[in-house]
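> Have a look at this one.
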Amino acid sequence: MAGGDLYDVLGLEPGASREQVERAYRFSLELYGEGSLATYSLLEPAEVEAQRARVREAYEVLVDAERRRAYDEGRGYAPPEAASLAPAGPDAGEGAAARIPRVLSGAELRRMREARGVSLRHIANASKIGVRFLEYIEEDRFAFLPASVYLRGFLQEYARIVGLPPARVAEAYMRHLPSRS
Amino acid sequence: MALTVSEALSRERAVNRRQIWSVGGGKGGIGKSLIAASLGWQLARMGRRVVLVDADLGGANLHTCLGLPAPERTLADFIQRRVETIEEALAETGAPGLRLLSGAADLLSAANIKHVQKVRVLNRVRALDVDVVLIDIGAGTSYNILDFFLVSDVSILAVVPEPTSIENGYRFIKSALYRRLRAAAPHGGIRRYVESALDPKNDLGLRTPVDLVRRVEQEDPAAAAVLRREMSSFRPRFVVNEVRDERDVAIGHQLVAACSRHLGIEASYAGFVHYDDAVWRSVRRRRLFMADAPTSRAAEEIRQLTRGLMKGDSLGRGY
């Protein structure tokens with residue numbers, strides 16, 4: 001691939017948050033991992049190995065605030081916002097509020113989750129909500145969903161773990177409910 | 001005046017709305033025909049007028065996917081001029097809004113139709129008065145197949161999470177792109193570079209489309225700009241079929257990233273369909289699972305996929 005830009009190596013844009021760097025790194029490790037299907041026949045084993053080394057090198061620089069600042073300055077990139085460099089905290093996902101539509105279907109929710117690479121199993125483990133309920137939410141199987149007060153709690157947990165604004169997501173999905181039931 | 005204003009407007013709307021979708025993938029047996037049939041079925045269900053074209057000219061079986069007997073009229077009748085118009089070769093499917101233009105299973109030579117015949121078919125297919133023409137293109141990377149893919153507004157590339165399918169998928173993408181670049185090359189010199197790049201062991205060290213454009217850039221920046229423009233408008237949409245777990249789902253995101261980082265192609269991930277016994281049972285009954293098992297997971301995923309493709313949505317980049 002072209003040049004040596006560390007952001008390109010991880011498939012990121014300059015200004016990416018610390019959390020995005022972490023996600024892109026994990027994604028790239030999978031992409032160039034041992035036995036990865038997605039690079040099969042596209043890259044030679046030696047190229048995959050070289051790519052892994054570049055991914056690690058890029059990550060080590062971009063995850064270190066000091067080294068990243070020096071790198072950005074050298075390239076003439078605007079520095080990322082200071083807050084975005086902190087590891088993800090409880091407020092993670094609030095920045096995505098603007099992108100949550102007013103009404104949210106289960107399918108859209110699922111799309112957002114998948115786009116962030118979070119599995120239902122992971123949400124179930126982290127939240128102790130049964131996978132079946134999470135599936136019912138995404139499949140809009142309203143008849144199987146619990147009472148509103150519980151459902152709202154499930155939705156907020158789901159959103160928090162996926163990295164979406166919990167209150168906005170719960171509101172938008174609840175608005176979707178009566179129109180379909 | 002031949003047309004009233006409203007007639008002219010409605011005709012223009014019809015023409016503007018019409019889209020050509022195709023489903024390819026390079027490898028046989030990965031569910032291309034089932035995906036095409038179910039997308040077509042769902043589009044018709046959503047009120048679109050759809051013609052499914054079985055362009056797998058050597059091994060046409062879309063009719064079986066739809067639970068129909070082999071249609072009396074096929075594309076072969078049109079190619080051999082036994083019928084005048086392509087409309088006469090269309091078969092009703094029983095599903096409102098969905099008609100089928102069957103391939104030419106009875107005509108082995110049709111798999112090698114001549115260029116003029118292919119152009120005639122493509123032009124007539126484009127002129128059909130419907131909302132969506134959905135082409136199930138055959139396996140392989142022959143020019144006929146690639147051309148059906150390249151004329152599409154929505155080019156769907158089906159893969160299953162297996163090395164053979166991924167390998168053929170990449171081969172298909174590269175062949176299609178190079179065919180497009182070759183056609184766009186402004187002069188013979190550039191065309192020869194594209195032809196060299198087609199050979200994976202070429203002496204010029206051109207391994208990927210990115211290498212090719214870089215090489216052309218050194219000699220003819222204007223030609224390189226033309227090739228870049230062609231590359232940026234080539235946007236295959238991956239559908240990963242027969243996924244079994246989250247790791248399989250993630251392969252679609254990884255394919256998009258690999259295409260972008262190593263081939264310079266901006267593909268997208270349209271969606272995935274789980275491996276589902278309900279589909280298999282419907283196939284055995286010679287019924288389309290969309291109608292036969294509408295509450296199955298695969299049927300719901302096809303409905304989502306169809307809605308996403310209509311809106312031009314994708315699953316994002318996965319990280």
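So you can find residues: chains in the structure tokens are A, B, ... in the order shown, residues in each start at 1, and ligands are numbered from 1 in order.
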Hey, which bits of chain A sit within 10 Å of chain B, and for each residue what's the closest pair of atoms and how far apart in Å (one decimal), counting only C-alpha atoms, rows by chain and increasing number, as a tab-separated table?


```
residue	atom	partner	partner_atom	distance
A:Met1	CA	B:His262	CA	5.4
A:Ala2	CA	B:Arg261	CA	8.2
A:Asp8	CA	B:Arg261	CA	7.9
A:Val9	CA	B:Arg261	CA	7.9
A:Leu10	CA	B:Arg261	CA	9.3
A:Gly11	CA	B:Ala257	CA	7.5
A:Leu12	CA	B:Tyr319	CA	9.7
A:Glu19	CA	B:Tyr319	CA	9.8
A:Gln20	CA	B:Tyr319	CA	7.2
A:Val21	CA	B:Tyr319	CA	9.0
A:Glu22	CA	B:Tyr319	CA	8.9
A:Arg23	CA	B:Tyr319	CA	5.3
A:Ala24	CA	B:Tyr319	CA	5.5
A:Tyr25	CA	B:Tyr319	CA	8.7
A:Arg26	CA	B:Tyr319	CA	8.3
A:Phe27	CA	B:Tyr319	CA	6.3
A:Ser28	CA	B:Gln254	CA	8.4
A:Glu30	CA	B:Gln254	CA	8.2
A:Leu31	CA	B:Gln254	CA	5.8
A:Tyr32	CA	B:Gln254	CA	9.3
A:Gly35	CA	B:Pro163	CA	9.9
A:Ser36	CA	B:Ile251	CA	8.8
A:Leu37	CA	B:Pro163	CA	6.1
A:Ala38	CA	B:Leu255	CA	5.3
A:Thr39	CA	B:Ala258	CA	6.8
A:Tyr40	CA	B:Pro163	CA	6.4
A:Ser41	CA	B:Glu167	CA	5.5
A:Leu42	CA	B:Tyr170	CA	7.2
A:Leu43	CA	B:His262	CA	8.5
A:Ala107	CA	B:Gln304	CA	7.1
A:Glu108	CA	B:Gln304	CA	9.2
A:Arg110	CA	B:Leu315	CA	9.4
A:Arg111	CA	B:Leu315	CA	5.9
A:Met112	CA	B:Leu315	CA	7.6
A:Arg113	CA	B:Gly318	CA	9.1
A:Glu114	CA	B:Gly318	CA	6.7
A:Ala115	CA	B:Gly318	CA	4.6
A:Arg116	CA	B:Tyr319	CA	5.2
A:Gly117	CA	B:Gly318	CA	5.1
A:Val118	CA	B:Gly318	CA	8.8
A:Ser119	CA	B:Glu246	CA	6.5
A:Leu120	CA	B:Glu246	CA	8.7
A:Arg121	CA	B:Glu246	CA	9.0
A:Glu139	CA	B:Glu300	CA	8.2
```

> So that I can see what lies close to Phe148 (chain B), please list as JSON, numbers by chain the residues with an atom at most 8 Å from it, counting only C-alpha atoms and leaving out residues fewer than 2 positions away in the same chain.

{"B": [22, 122, 135, 137, 144, 145, 146, 150, 151, 152]}

> DSSP on the backbone: which residues in region 146-258 of chain B end up as strand (DSSP E or B)? Give the answer as a PyMOL selection string.

chain B and resi 154-159+237-243

> Only N, CA and C atoms, please: the residues just picked out, written as a short mmCIF file (atom, residue, chain, number, x, y, z; two decimals), in the first residue's frame.


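Listed below is the output, out.cif:
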```cif
data_model
loop_
_atom_site.label_atom_id
_atom_site.label_comp_id
_atom_site.auth_asym_id
_atom_site.auth_seq_id
_atom_site.Cartn_x
_atom_site.Cartn_y
_atom_site.Cartn_z
N VAL B 154 -26.12 -0.94 -9.33
CA VAL B 154 -25.82 -1.55 -8.03
C VAL B 154 -25.15 -2.89 -8.32
N SER B 155 -23.86 -2.98 -8.05
CA SER B 155 -23.10 -4.20 -8.36
C SER B 155 -22.82 -4.96 -7.07
N ILE B 156 -23.54 -6.05 -6.91
CA ILE B 156 -23.45 -6.81 -5.65
C ILE B 156 -22.48 -7.97 -5.82
N LEU B 157 -21.55 -8.08 -4.91
CA LEU B 157 -20.57 -9.16 -4.99
C LEU B 157 -20.80 -10.11 -3.82
N ALA B 158 -21.27 -11.30 -4.16
CA ALA B 158 -21.56 -12.28 -3.11
C ALA B 158 -20.33 -13.13 -2.83
N VAL B 159 -20.07 -13.35 -1.54
CA VAL B 159 -19.01 -14.29 -1.14
C VAL B 159 -19.56 -15.12 0.01
N ARG B 237 -20.51 -3.88 -3.96
CA ARG B 237 -21.09 -3.97 -2.62
C ARG B 237 -21.08 -5.43 -2.18
N PHE B 238 -20.35 -5.69 -1.14
CA PHE B 238 -20.22 -7.07 -0.68
C PHE B 238 -21.47 -7.54 0.06
N VAL B 239 -21.85 -8.77 -0.23
CA VAL B 239 -22.82 -9.47 0.61
C VAL B 239 -22.16 -10.77 1.04
N VAL B 240 -22.05 -10.98 2.34
CA VAL B 240 -21.45 -12.22 2.82
C VAL B 240 -22.60 -13.19 3.12
N ASN B 241 -22.61 -14.26 2.38
CA ASN B 241 -23.70 -15.25 2.51
C ASN B 241 -23.25 -16.41 3.40
N GLU B 242 -24.22 -17.07 3.99
CA GLU B 242 -23.96 -18.26 4.81
C GLU B 242 -23.01 -17.98 5.97
N VAL B 243 -23.19 -16.84 6.66
CA VAL B 243 -22.37 -16.59 7.85
C VAL B 243 -22.90 -17.45 8.99
#
```

> Considering only C-alpha atoms, can you say which of B:Leu181, B:Asn202, B:Pro186, B:Ile20 comes closest to Val125 (chain B)?

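Checking each candidate against Val125 (chain B), we get B:Ile20 as the closest.
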
> May I ask which of the residues A:Val103, A:Asp72, A:Val48, A:Gly33 is the closest one to Tyr7 (chain A), counting only C-alpha atoms?

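Of the candidates, the smallest distance to Tyr7 (chain A) is held by A:Asp72.
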
> Considering only helix (DSSP H, G or I) as DSSP defines it on the backbone, what residues of region 125-235 of chain B qualify? List them as an MDAnalysis selection string.

chainID B and resid 125:127 143:150 163:184 188:198 209:219 221:232

> Would you save the residues of that selection, restricted to C-alpha atoms, as a short mmCIF file (atom, residue, chain, number, x, y, z; two decimals), in the first residue's frame?


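See selection_10.cif below for the written result:
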```
data_model
loop_
_atom_site.label_atom_id
_atom_site.label_comp_id
_atom_site.auth_asym_id
_atom_site.auth_seq_id
_atom_site.Cartn_x
_atom_site.Cartn_y
_atom_site.Cartn_z
CA VAL B 125 -32.69 -5.01 -21.01
CA ARG B 126 -31.84 -1.41 -20.24
CA ALA B 127 -34.92 -0.25 -22.14
CA TYR B 143 -16.11 -10.86 -20.53
CA ASN B 144 -19.85 -11.48 -20.90
CA ILE B 145 -20.20 -11.87 -17.17
CA LEU B 146 -18.03 -8.88 -16.30
CA ASP B 147 -19.95 -6.66 -18.72
CA PHE B 148 -23.26 -7.43 -17.05
CA PHE B 149 -21.66 -6.48 -13.73
CA LEU B 150 -20.08 -3.30 -15.08
CA PRO B 163 -10.94 -19.27 1.08
CA THR B 164 -12.06 -20.47 -2.37
CA SER B 165 -14.86 -17.95 -2.50
CA ILE B 166 -12.67 -15.09 -1.24
CA GLU B 167 -10.00 -15.94 -3.81
CA ASN B 168 -12.51 -15.97 -6.65
CA GLY B 169 -14.10 -12.79 -5.30
CA TYR B 170 -10.81 -10.91 -5.51
CA ARG B 171 -10.13 -12.33 -8.95
CA PHE B 172 -13.56 -11.19 -10.04
CA ILE B 173 -13.05 -7.66 -8.67
CA LYS B 174 -9.67 -7.28 -10.31
CA SER B 175 -10.87 -8.67 -13.66
CA ALA B 176 -13.90 -6.38 -13.66
CA LEU B 177 -11.89 -3.32 -12.73
CA TYR B 178 -9.18 -3.99 -15.30
CA ARG B 179 -11.79 -4.53 -17.98
CA ARG B 180 -13.26 -1.16 -17.09
CA LEU B 181 -9.85 0.54 -17.03
CA ARG B 182 -8.92 -1.00 -20.36
CA ALA B 183 -12.10 0.35 -21.94
CA ALA B 184 -11.41 3.82 -20.48
CA GLY B 188 -2.99 2.13 -26.94
CA GLY B 189 0.03 2.75 -24.72
CA ILE B 190 -2.10 2.90 -21.59
CA ARG B 191 -4.20 -0.04 -22.76
CA ARG B 192 -1.05 -2.13 -22.97
CA TYR B 193 -0.18 -1.25 -19.37
CA VAL B 194 -3.62 -2.39 -18.27
CA GLU B 195 -3.19 -5.63 -20.19
CA SER B 196 0.19 -6.19 -18.53
CA ALA B 197 -1.35 -5.64 -15.11
CA LEU B 198 -3.89 -8.37 -15.87
CA PRO B 209 -4.50 -1.38 -9.69
CA VAL B 210 -2.72 1.11 -7.40
CA ASP B 211 0.66 0.08 -8.91
CA LEU B 212 -0.81 0.45 -12.38
CA VAL B 213 -2.07 3.98 -11.83
CA ARG B 214 1.22 5.00 -10.24
CA ARG B 215 3.11 3.69 -13.26
CA VAL B 216 0.82 5.47 -15.71
CA GLU B 217 1.17 8.66 -13.67
CA GLN B 218 4.89 8.77 -14.43
CA GLU B 219 4.27 8.81 -18.18
CA PRO B 221 -0.67 12.23 -15.71
CA ALA B 222 -3.83 13.02 -17.69
CA ALA B 223 -4.37 9.33 -18.45
CA ALA B 224 -3.72 8.48 -14.79
CA ALA B 225 -6.48 10.93 -13.83
CA VAL B 226 -8.88 9.14 -16.18
CA LEU B 227 -8.01 5.77 -14.62
CA ARG B 228 -8.40 7.19 -11.11
CA ARG B 229 -11.84 8.49 -11.97
CA GLU B 230 -12.85 5.06 -13.26
CA MET B 231 -11.50 3.41 -10.13
CA SER B 232 -13.38 5.74 -7.82
#
```

> Mind giving me the straight-line distance from CA of Arg132 (chain A) to CA of Phe154 (chain A) in Å, one decimal?

12.0 Å

> Residues near region 42-51 of chain B, anyone? I mean within 8 Å using only C-alpha atoms, not counting same-chain ones fewer than 5 positions away, as a ChimeraX atom specification.

/B:95-101,130-134,290,302-303,306

> Taking C-alpha atoms for each residue, export the selection above as a short mmCIF file (atom, residue, chain, number, x, y, z; two decimals), in the first residue's frame.


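The resulting part_30.cif:
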```cif
data_model
loop_
_atom_site.label_atom_id
_atom_site.label_comp_id
_atom_site.auth_asym_id
_atom_site.auth_seq_id
_atom_site.Cartn_x
_atom_site.Cartn_y
_atom_site.Cartn_z
CA ALA B 95 -45.52 -13.00 -7.49
CA PRO B 96 -47.12 -9.65 -8.40
CA GLY B 97 -44.63 -7.29 -10.02
CA LEU B 98 -41.96 -9.93 -10.53
CA ARG B 99 -41.20 -11.35 -13.96
CA LEU B 100 -38.36 -13.58 -15.09
CA LEU B 101 -36.18 -13.52 -18.15
CA VAL B 130 -39.72 -1.53 -15.08
CA ASP B 131 -38.25 -0.12 -11.88
CA VAL B 132 -35.45 -2.62 -11.32
CA VAL B 133 -33.72 -5.06 -13.64
CA LEU B 134 -31.92 -7.56 -11.44
CA MET B 290 -38.95 -15.57 1.28
CA ILE B 302 -32.79 -10.26 2.96
CA ARG B 303 -35.50 -7.71 3.80
CA THR B 306 -32.98 -4.93 0.21
#
```
